[in-house]
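Participant: Okay, handing you the structure first.
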Amino acid sequence: MPLDPRVRAVTERIRTRSAATRSDYLAACDAAAGKGPQRGQRLSCTNLAHGFAACPSGDKQALRSGPQANIGIVSAYNDMLSAHQPLETYPALIKAAAREVGAVAQFAGGVPAMCDGVTQGQPGMELSLFSRDVIALSTAIALSHDMFDAALCLGVCDKIVPGLLIGALRFGHLPVIFVPAGPMVSGMSNDAKTEVRKRFAQGLVSRDELLEAEAKSYHSPGTCTFYGTANSNQMLMELMGLHLPGSAFVNPGTPLREALTQQAARRVAQITALGDEYTPIGRVVDERTIINGLVGLLATGGSTNHAMHLVAIARAAGVLIDWTDFSELSDVIPLLTRIYPNGKADVNHFHAAGGFGFLVRELISAGLVHDDVLTVAGQGLAHYAEEPWLGDERLGWRPAPATSGDTSVLRGVAEPFAADGGLKLLAGNLGRAVIKTSAVADAHRVVEAPARVFASQEAVIDAFKAGELNRDVIVVVRFQGPRANGMPELHHLTPSLTVLQDKGFKVALVTDGRMSGASGKVPAAIHVSPEAVAGGALARLRDGDVVRLDSNTGTLAALVDAAEWAAREPVRFDSTEGEHGMGRELFAGFRQLAAPAESGGGIFFGGQ
Ligand SMILES: O=C(O)[C@H](O)[C@@H](O)[C@H](O)[C@H](O)COP(=O)(O)O
Ligand code: SF4
């Protein structure tokens with residue numbers, strides 16, 4: 001099927017916009033590449049000896065004088081993220097698999113990884129967005145040893161895959177494969193967990209009952225099973241051709257997971273400049289690959305955090321995208337999955353119903369993605385319409401199911417859940433914002449109500465508990481942008497706002513902060529730009545102002561007399577509370593450097 005002309009038009013617009021930055025980027029990649037093992041290009045004998053000093057003798061010999069490829073392992077292992085705990089044992093598997101194919105693998109460096117579930121609603125969440133760029137910096141530090149002909153990036157969660165990818169893209173001359181561990185097996189359903197939370201928010205169940213429910217939902221190693229940012233990352237790695245095909249949702253601790261991890265080592269050794277299938281990541285990630293990731297995000301109702309992370313990732317490859325690109329594509333891309341919070345199923349159900357292999361084939365067949373792209377599995381996105389399996393103990397790939405195993409979770413383009421991708425751009429006198437409508441019922445897509453304005457999520461919870469929000473209300477939480485307090489997720493508000501919605505009130509959230517990829521039912525205009533502390537209009541809002549959020553027409557506006565609105569003095573931000581404690585004082589420089597949300601909210605490239 002030829003590429004949809006609307007997808008082509010957005011791609012061409014991005015290609016034209018990015019011509020200069022992409023050309024500079026590719027020139028830098030080419031300049032860094034060399035002939036023969038990378039370690040022989042620039043390192044002195046001293047550098048090299050330091051690099052292999054601690055290696056076992058066989059590896060040392062290979063690195064000292066052999067032509068073997070050297071693979072750098074960059075890992076986000078820690079015990080805090082259930083999704084990353086399984087990564088602890090992967091480096092040994094990788095090193096052994098590399099030796100099998102005459103290569104070497106060295107652990108190049110670890111990167112930090114924040115669990116947004118542990119920090120949700122806590123001061124630590126104010127470091128979360130910035131941790132993405134710390135991870136990018138840490139990835140660069142690991143690979144800057146210049147010992148490597150390829151890299152394996154081990155990570156899954158929210159800011160970690162984006163950070164690893166931003167860092168790896170700055171070594172665009174290297175082939176890079178992303179290695180996940182997969183989701184935990186399904187426990188208490190996300191719906192059931194959410195019901196207990198709502199009852200706790202109303203004081204109807206005890207803290208012990210809440211903890212019991214949470215512990216049954218988050219119960220073992222592996223990624224949480226809702227379709228939040230972590231699992232949206234996994235979708236991106238498939239649609240962008242940076243995983244081995246079908247790696248995303250194979251559970252940890254299974255023979256297939258181990259086989260995929262070992263094969264990633266063999267495959268990345270195969271695609272270095274030392275062989276005849278050189279596949280540098282700088283050539284894999286181009287404007288078409290970014291579009292394919294964006295299409296996947298829209299077709300699956302993925303995390304709103306990628307309205308920022310994908311912008312930052314693209315920029316790291318010299319590709320410039322913005323929210324207009326997101327919104328225009330969203331009008332074209334059908335919603336093909338219903339995974340919590342966009343439905344009741346979890347990622348294990350989605351995988352069993354046909355998973356990304358089925359989804360990719362559907363998107364290719366409808367001409368909604370570029371299938372003529374370079375991937376770590378070889379030329380063509382069609383590789384990702386296959387799924388891995390272990391036949392006779394040998395790893396292979398076979399075509400993904402031709403039909404969905406459960407059309408309540410996964411559908412073909414002929415019968416989508418919705419005609420559009422459910423991520424909308426909102427604009428008006430309050431600024432530009434994004435909203436994920438794929439989890440919002442039609443009845444809640446337009447909310448017009450008086451505003452209650454807050455400067456912290458804690459104040460919202462206090463007002464809710466005091467019964468002050470039991471009415472139609474647009475809850476505004478300002479001074480939550482990257483330059484104010486690091487742009488935390490305000491997902492802690494979800495149970496309270498959902499209770500108000502369930503009571504029949506018209507409720508919406510408007511904030512220059514973020515929401516979790518797991519946030520859902522309550523309409524939320526988020527990432528409002530410019531942010532309040534940087535001259536954004538949210539600083540002019542007052543309690544009682546009527547605000548209209550219309551995700552059908554893409555409007556976000558304060559219905560205040562224009563002259564009065566223009567004459568208002570913006571409220572000043574009181575930064576003292578949030579600048580200290582839990583390491584926040586160390587991130588003052590990040591807050592000063594942070595780019596606007598629409599430019600990814602990061603500290604690199606001067607926000608351009
Ligand atoms: O963007 C995301 O997907 C979230 O940051 C997610 O990683 C975070 O952990 C949520 O807090 C989980 O949801 P609960 O807090 O509802 O468990
Ligand atoms: S999905 Fe979120 S809560 Fe689960 S391990 Fe990853 S960061 Fe933590």
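Naming scheme: A, B, ... for chains in displayed order of the structure tokens; residues 1 onward per chain; ligands 1 onward as shown.
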Excluding same-chain residues fewer than 6 positions from A:Ser575, what lies within 9 Å of it counting only C-alpha atoms, as a PyMOL selection string?

Facilitator: chain A and resi 479+484-485

Participant: Write the residues of the preceding selection, restricted to N, CA and C atoms, as a short mmCIF file (atom, residue, chain, number, x, y, z; two decimals), in the first residue's frame.

Facilitator:
data_model
loop_
_atom_site.label_atom_id
_atom_site.label_comp_id
_atom_site.auth_asym_id
_atom_site.auth_seq_id
_atom_site.Cartn_x
_atom_site.Cartn_y
_atom_site.Cartn_z
N PHE A 479 2.53 26.78 37.84
CA PHE A 479 3.90 26.76 38.39
C PHE A 479 4.38 25.32 38.56
N ALA A 484 9.89 26.02 36.64
CA ALA A 484 9.36 26.30 37.98
C ALA A 484 9.87 25.27 38.96
N ASN A 485 9.46 24.02 38.75
CA ASN A 485 9.81 22.95 39.74
C ASN A 485 10.17 21.64 39.07
#

Participant: Around ligand 1, at most 7 Å away and counting only C-alpha atoms and all ligand atoms, which residues are there? Put them as a ChimeraX atom specification, please.

Facilitator: /A:115-118,120,157-158,227-230,303,305,489,491-492,515-518

Participant: Could you write those residues out with N, CA and C atoms, as a short mmCIF file (atom, residue, chain, number, x, y, z; two decimals), in the first residue's frame?

Facilitator:
data_model
loop_
_atom_site.label_atom_id
_atom_site.label_comp_id
_atom_site.auth_asym_id
_atom_site.auth_seq_id
_atom_site.Cartn_x
_atom_site.Cartn_y
_atom_site.Cartn_z
N CYS A 115 12.13 5.53 39.35
CA CYS A 115 10.82 4.92 39.23
C CYS A 115 9.77 5.98 39.53
N ASP A 116 8.99 6.34 38.51
CA ASP A 116 7.97 7.37 38.72
C ASP A 116 6.86 6.87 39.63
N GLY A 117 6.77 5.57 39.76
CA GLY A 117 5.76 5.02 40.67
C GLY A 117 6.16 5.23 42.11
N VAL A 118 7.45 5.14 42.39
CA VAL A 118 7.92 5.34 43.76
C VAL A 118 7.86 6.82 44.11
N GLN A 120 5.92 9.17 42.58
CA GLN A 120 4.65 9.84 42.24
C GLN A 120 4.07 10.54 43.48
N CYS A 157 12.05 2.04 31.33
CA CYS A 157 11.03 2.94 31.86
C CYS A 157 11.10 4.37 31.35
N ASP A 158 10.14 5.12 31.94
CA ASP A 158 9.70 6.40 31.43
C ASP A 158 10.78 7.27 30.82
N TYR A 227 -0.52 0.62 30.16
CA TYR A 227 0.14 1.21 28.98
C TYR A 227 0.49 2.66 29.29
N GLY A 228 1.55 2.81 30.10
CA GLY A 228 2.02 4.15 30.46
C GLY A 228 3.23 4.51 29.64
N THR A 229 4.09 5.30 30.18
CA THR A 229 5.24 5.78 29.40
C THR A 229 6.24 4.67 29.16
N ALA A 230 6.46 3.82 30.16
CA ALA A 230 7.43 2.74 30.00
C ALA A 230 7.04 1.84 28.84
N SER A 303 1.58 7.29 25.84
CA SER A 303 1.76 8.28 26.91
C SER A 303 1.93 9.71 26.38
N ASN A 305 3.62 11.80 27.77
CA ASN A 305 5.00 12.23 28.02
C ASN A 305 5.82 12.24 26.74
N GLU A 489 4.93 14.95 37.29
CA GLU A 489 3.63 14.39 36.94
C GLU A 489 2.69 14.63 38.12
N HIS A 491 -0.10 12.93 38.65
CA HIS A 491 -0.98 11.75 38.60
C HIS A 491 -1.59 11.43 39.96
N HIS A 492 -0.99 11.94 41.01
CA HIS A 492 -1.52 11.74 42.38
C HIS A 492 -2.93 12.32 42.50
N MET A 515 1.20 14.79 33.25
CA MET A 515 0.46 13.69 33.86
C MET A 515 1.20 12.40 33.50
N SER A 516 0.85 11.34 34.22
CA SER A 516 1.44 10.05 33.96
C SER A 516 0.86 9.47 32.68
N GLY A 517 1.61 8.57 32.07
CA GLY A 517 1.05 7.84 30.94
C GLY A 517 -0.10 6.96 31.40
N ALA A 518 -0.18 6.76 32.73
CA ALA A 518 -1.25 5.90 33.27
C ALA A 518 -2.48 6.72 33.64
#

Participant: Using only C-alpha atoms and all ligand atoms, which of the listed residues (A:Thr223, A:Ser247, A:Asn190, A:Thr46) sits closest to ligand 2?

Facilitator: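 Nearest candidate to ligand 2 out of A:Thr223, A:Ser247, A:Asn190, A:Thr46: A:Thr223.
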
Participant: Find, counting only C-alpha atoms and all ligand atoms, the residue in A:Leu127, A:Leu497, A:Val295, A:Cys224 that gets nearest to ligand 2.

Facilitator: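 Result for the nearest residue to ligand 2: A:Cys224.
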
Participant: Counting only C-alpha atoms and all ligand atoms, which residue out of A:Ala215, A:Leu509, A:Leu169, A:Met80 sits closest to ligand 2?

Facilitator: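 Between A:Ala215, A:Leu509, A:Leu169, A:Met80, the residue approaching ligand 2 most closely is A:Met80.
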
Participant: So which one's closest to ligand 2, A:Val347, A:Leu236, A:Leu43, A:Ile290? Using only C-alpha atoms and all ligand atoms, please.

Facilitator: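 Checking each candidate against ligand 2, we get A:Val347 as the closest.
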
Participant: Mind checking which residues fall within 10 Å of A:Pro482, counting only C-alpha atoms, ignoring those fewer than 4 positions away in the same chain, and posting them as an mmCIF file with C-alpha atoms, in the first residue's frame?

Facilitator:
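Written out: around-v6.cif:
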data_model
loop_
_atom_site.group_PDB
_atom_site.id
_atom_site.type_symbol
_atom_site.label_atom_id
_atom_site.label_comp_id
_atom_site.auth_asym_id
_atom_site.auth_seq_id
_atom_site.Cartn_x
_atom_site.Cartn_y
_atom_site.Cartn_z
ATOM 1 C CA GLU A 126 10.477 17.068 40.597
ATOM 2 C CA LEU A 127 13.719 15.421 39.478
ATOM 3 C CA LEU A 129 11.921 14.919 33.856
ATOM 4 C CA PHE A 130 15.477 16.131 34.412
ATOM 5 C CA GLY A 486 11.034 20.478 37.139
ATOM 6 C CA MET A 487 7.591 19.659 35.687
ATOM 7 C CA PRO A 488 6.432 16.740 37.861
ATOM 8 C CA ASP A 512 1.795 23.418 32.877
ATOM 9 C CA GLY A 513 2.905 20.225 34.566
ATOM 10 C CA ARG A 514 2.685 16.677 33.283
ATOM 11 C CA HIS A 527 2.208 20.815 29.319
ATOM 12 C CA GLU A 531 4.648 27.826 31.506
ATOM 13 C CA VAL A 533 6.724 31.091 35.592
ATOM 14 C CA ALA A 534 7.995 32.020 32.114
ATOM 15 C CA PHE A 590 18.522 22.407 35.043
ATOM 16 C CA ARG A 591 15.534 24.591 35.966
ATOM 17 C CA GLN A 592 17.318 27.637 34.532
ATOM 18 C CA LEU A 593 18.290 25.838 31.305
ATOM 19 C CA ALA A 594 15.082 23.890 30.684
ATOM 20 C CA ALA A 595 13.492 24.375 27.278
ATOM 21 C CA PRO A 596 9.721 24.869 26.892
ATOM 22 C CA ALA A 597 7.603 21.719 27.016
ATOM 23 C CA GLY A 600 11.003 18.682 24.969
ATOM 24 C CA GLY A 601 11.678 20.403 28.315
ATOM 25 C CA GLY A 602 15.356 19.462 28.250
ATOM 26 C CA ILE A 603 18.662 21.180 28.796
#

Participant: Hey, what does DSSP flag as strand (DSSP E) within stretch 57-303 of chain A? Can you give it to me as a ChimeraX atom specification?

Facilitator: /A:70-75,104-110,150-154,176-179

Participant: Between A:Arg207, A:Lys344, A:Arg452, A:His309, which one has atoms that come closest to A:Thr225, using only C-alpha atoms?

Facilitator: A:Lys344

Participant: Neighbouring residues of A:Gly581 were defined as those with any atom within 10 Å, considering only C-alpha atoms; residues of the same chain fewer than 4 positions away were excluded. Please report them as a PyMOL selection string.

Facilitator: chain A and resi 123-124+577+585-586

Participant: Next, the residues of the selection above should be written as a PDB file, in the first residue's frame with C-alpha atoms.

Facilitator:
ATOM      1  CA  PRO A 123       9.220  15.727  46.079  1.00  0.00           C
ATOM      2  CA  GLY A 124      11.464  13.338  44.153  1.00  0.00           C
ATOM      3  CA  GLU A 577       9.236  25.673  49.018  1.00  0.00           C
ATOM      4  CA  GLU A 585      18.790  22.089  45.153  1.00  0.00           C
ATOM      5  CA  LEU A 586      21.235  20.273  42.869  1.00  0.00           C
TER       6      LEU A 586
END

Participant: From stretch 355-519 of chain A, collect each residue whose DSSP state is alpha helix (DSSP H) and return the set as a PyMOL selection string.

Facilitator: chain A and resi 355-365+457-465+482-485+494-502

Participant: Residues as selected, C-alpha atoms, written as a compact mmCIF listing (two decimals), in the first residue's frame, can you do that?

Facilitator:
# COMPACT_ATOMS: atom_id res chain seq x y z
CA GLY A 355 0.89 -7.53 19.94
CA PHE A 356 3.12 -5.21 18.00
CA GLY A 357 3.63 -7.70 15.20
CA PHE A 358 -0.05 -7.55 14.31
CA LEU A 359 -0.12 -3.77 14.80
CA VAL A 360 2.90 -3.13 12.55
CA ARG A 361 1.47 -5.27 9.78
CA GLU A 362 -1.80 -3.38 9.97
CA LEU A 363 -0.07 0.00 9.84
CA ILE A 364 2.12 -1.07 6.91
CA SER A 365 -0.88 -2.51 5.03
CA GLN A 457 -1.10 19.26 43.93
CA GLU A 458 -1.11 18.99 47.74
CA ALA A 459 -3.39 22.04 47.91
CA VAL A 460 -5.77 20.36 45.45
CA ILE A 461 -5.96 17.21 47.63
CA ASP A 462 -6.63 19.38 50.72
CA ALA A 463 -9.44 21.22 48.90
CA PHE A 464 -10.90 17.90 47.72
CA LYS A 465 -10.85 16.48 51.26
CA PRO A 482 10.23 22.68 33.91
CA ARG A 483 11.58 26.09 34.90
CA ALA A 484 9.36 26.30 37.98
CA ASN A 485 9.81 22.95 39.74
CA THR A 494 -6.19 11.19 39.44
CA PRO A 495 -8.20 9.32 42.14
CA SER A 496 -9.71 12.54 43.57
CA LEU A 497 -10.59 14.02 40.17
CA THR A 498 -12.06 10.70 39.07
CA VAL A 499 -14.27 10.61 42.19
CA LEU A 500 -15.61 14.08 41.30
CA GLN A 501 -16.26 12.97 37.72
CA ASP A 502 -18.00 9.81 38.93

Participant: Would you list the contacts of A:Val185 as a list in words, taking every protein, DNA or RNA residue within 9 Å and counting only C-alpha atoms, but skipping same-chain residues closer than 4 positions in sequence?

Facilitator: His219, Ser220, Pro221, Gly222, Thr223, Cys224, Thr225, Asn251, Pro252 and Asn348 of chain A

Participant: Report as a PyMOL selection string all protein, DNA and RNA residues lying within 8 Å of A:Val311, evaluated on only C-alpha atoms, omitting residues in the same chain fewer than 5 positions from it.

Facilitator: chain A and resi 306+320-322+598-600

Participant: Export, as a CSV table (one decimal), in the first residue's frame, the selected residues with N, CA and C atoms.

Facilitator:
chain,number,residue,atom,x,y,z
A,306,HIS,N,5.3,11.5,25.8
A,306,HIS,CA,6.1,11.5,24.5
A,306,HIS,C,5.8,12.7,23.7
A,320,LEU,N,13.6,17.9,13.7
A,320,LEU,CA,12.8,18.9,14.4
A,320,LEU,C,11.3,18.6,14.3
A,321,ILE,N,10.6,18.3,15.4
A,321,ILE,CA,9.2,18.0,15.3
A,321,ILE,C,8.5,18.9,16.3
A,322,ASP,N,7.1,19.1,16.2
A,322,ASP,CA,6.4,20.0,17.1
A,322,ASP,C,5.0,19.4,17.3
A,598,GLU,N,7.1,22.2,24.7
A,598,GLU,CA,6.9,21.8,23.3
A,598,GLU,C,8.3,21.6,22.6
A,599,SER,N,9.4,22.0,23.2
A,599,SER,CA,10.7,21.7,22.7
A,599,SER,C,11.3,20.5,23.5
A,600,GLY,N,10.5,19.9,24.3
A,600,GLY,CA,11.0,18.7,25.0
A,600,GLY,C,11.4,18.9,26.4

Participant: Env of A:Gln263: 12 Å cut, atoms = only C-alpha atoms, seq-sep filter 6 positions within chain, self excluded. Answer as an MDAnalysis selection string.

Facilitator: chainID A and resid 90 93:98 100:101 152 177:179 243:245 247 256:257 269:270 376:377 388 394:397

Participant: From the options A:Val205, A:Val111, A:Ala317, A:Ala455, which residue's atoms come nearest to A:Gly282, counting only C-alpha atoms?

Facilitator: A:Ala317
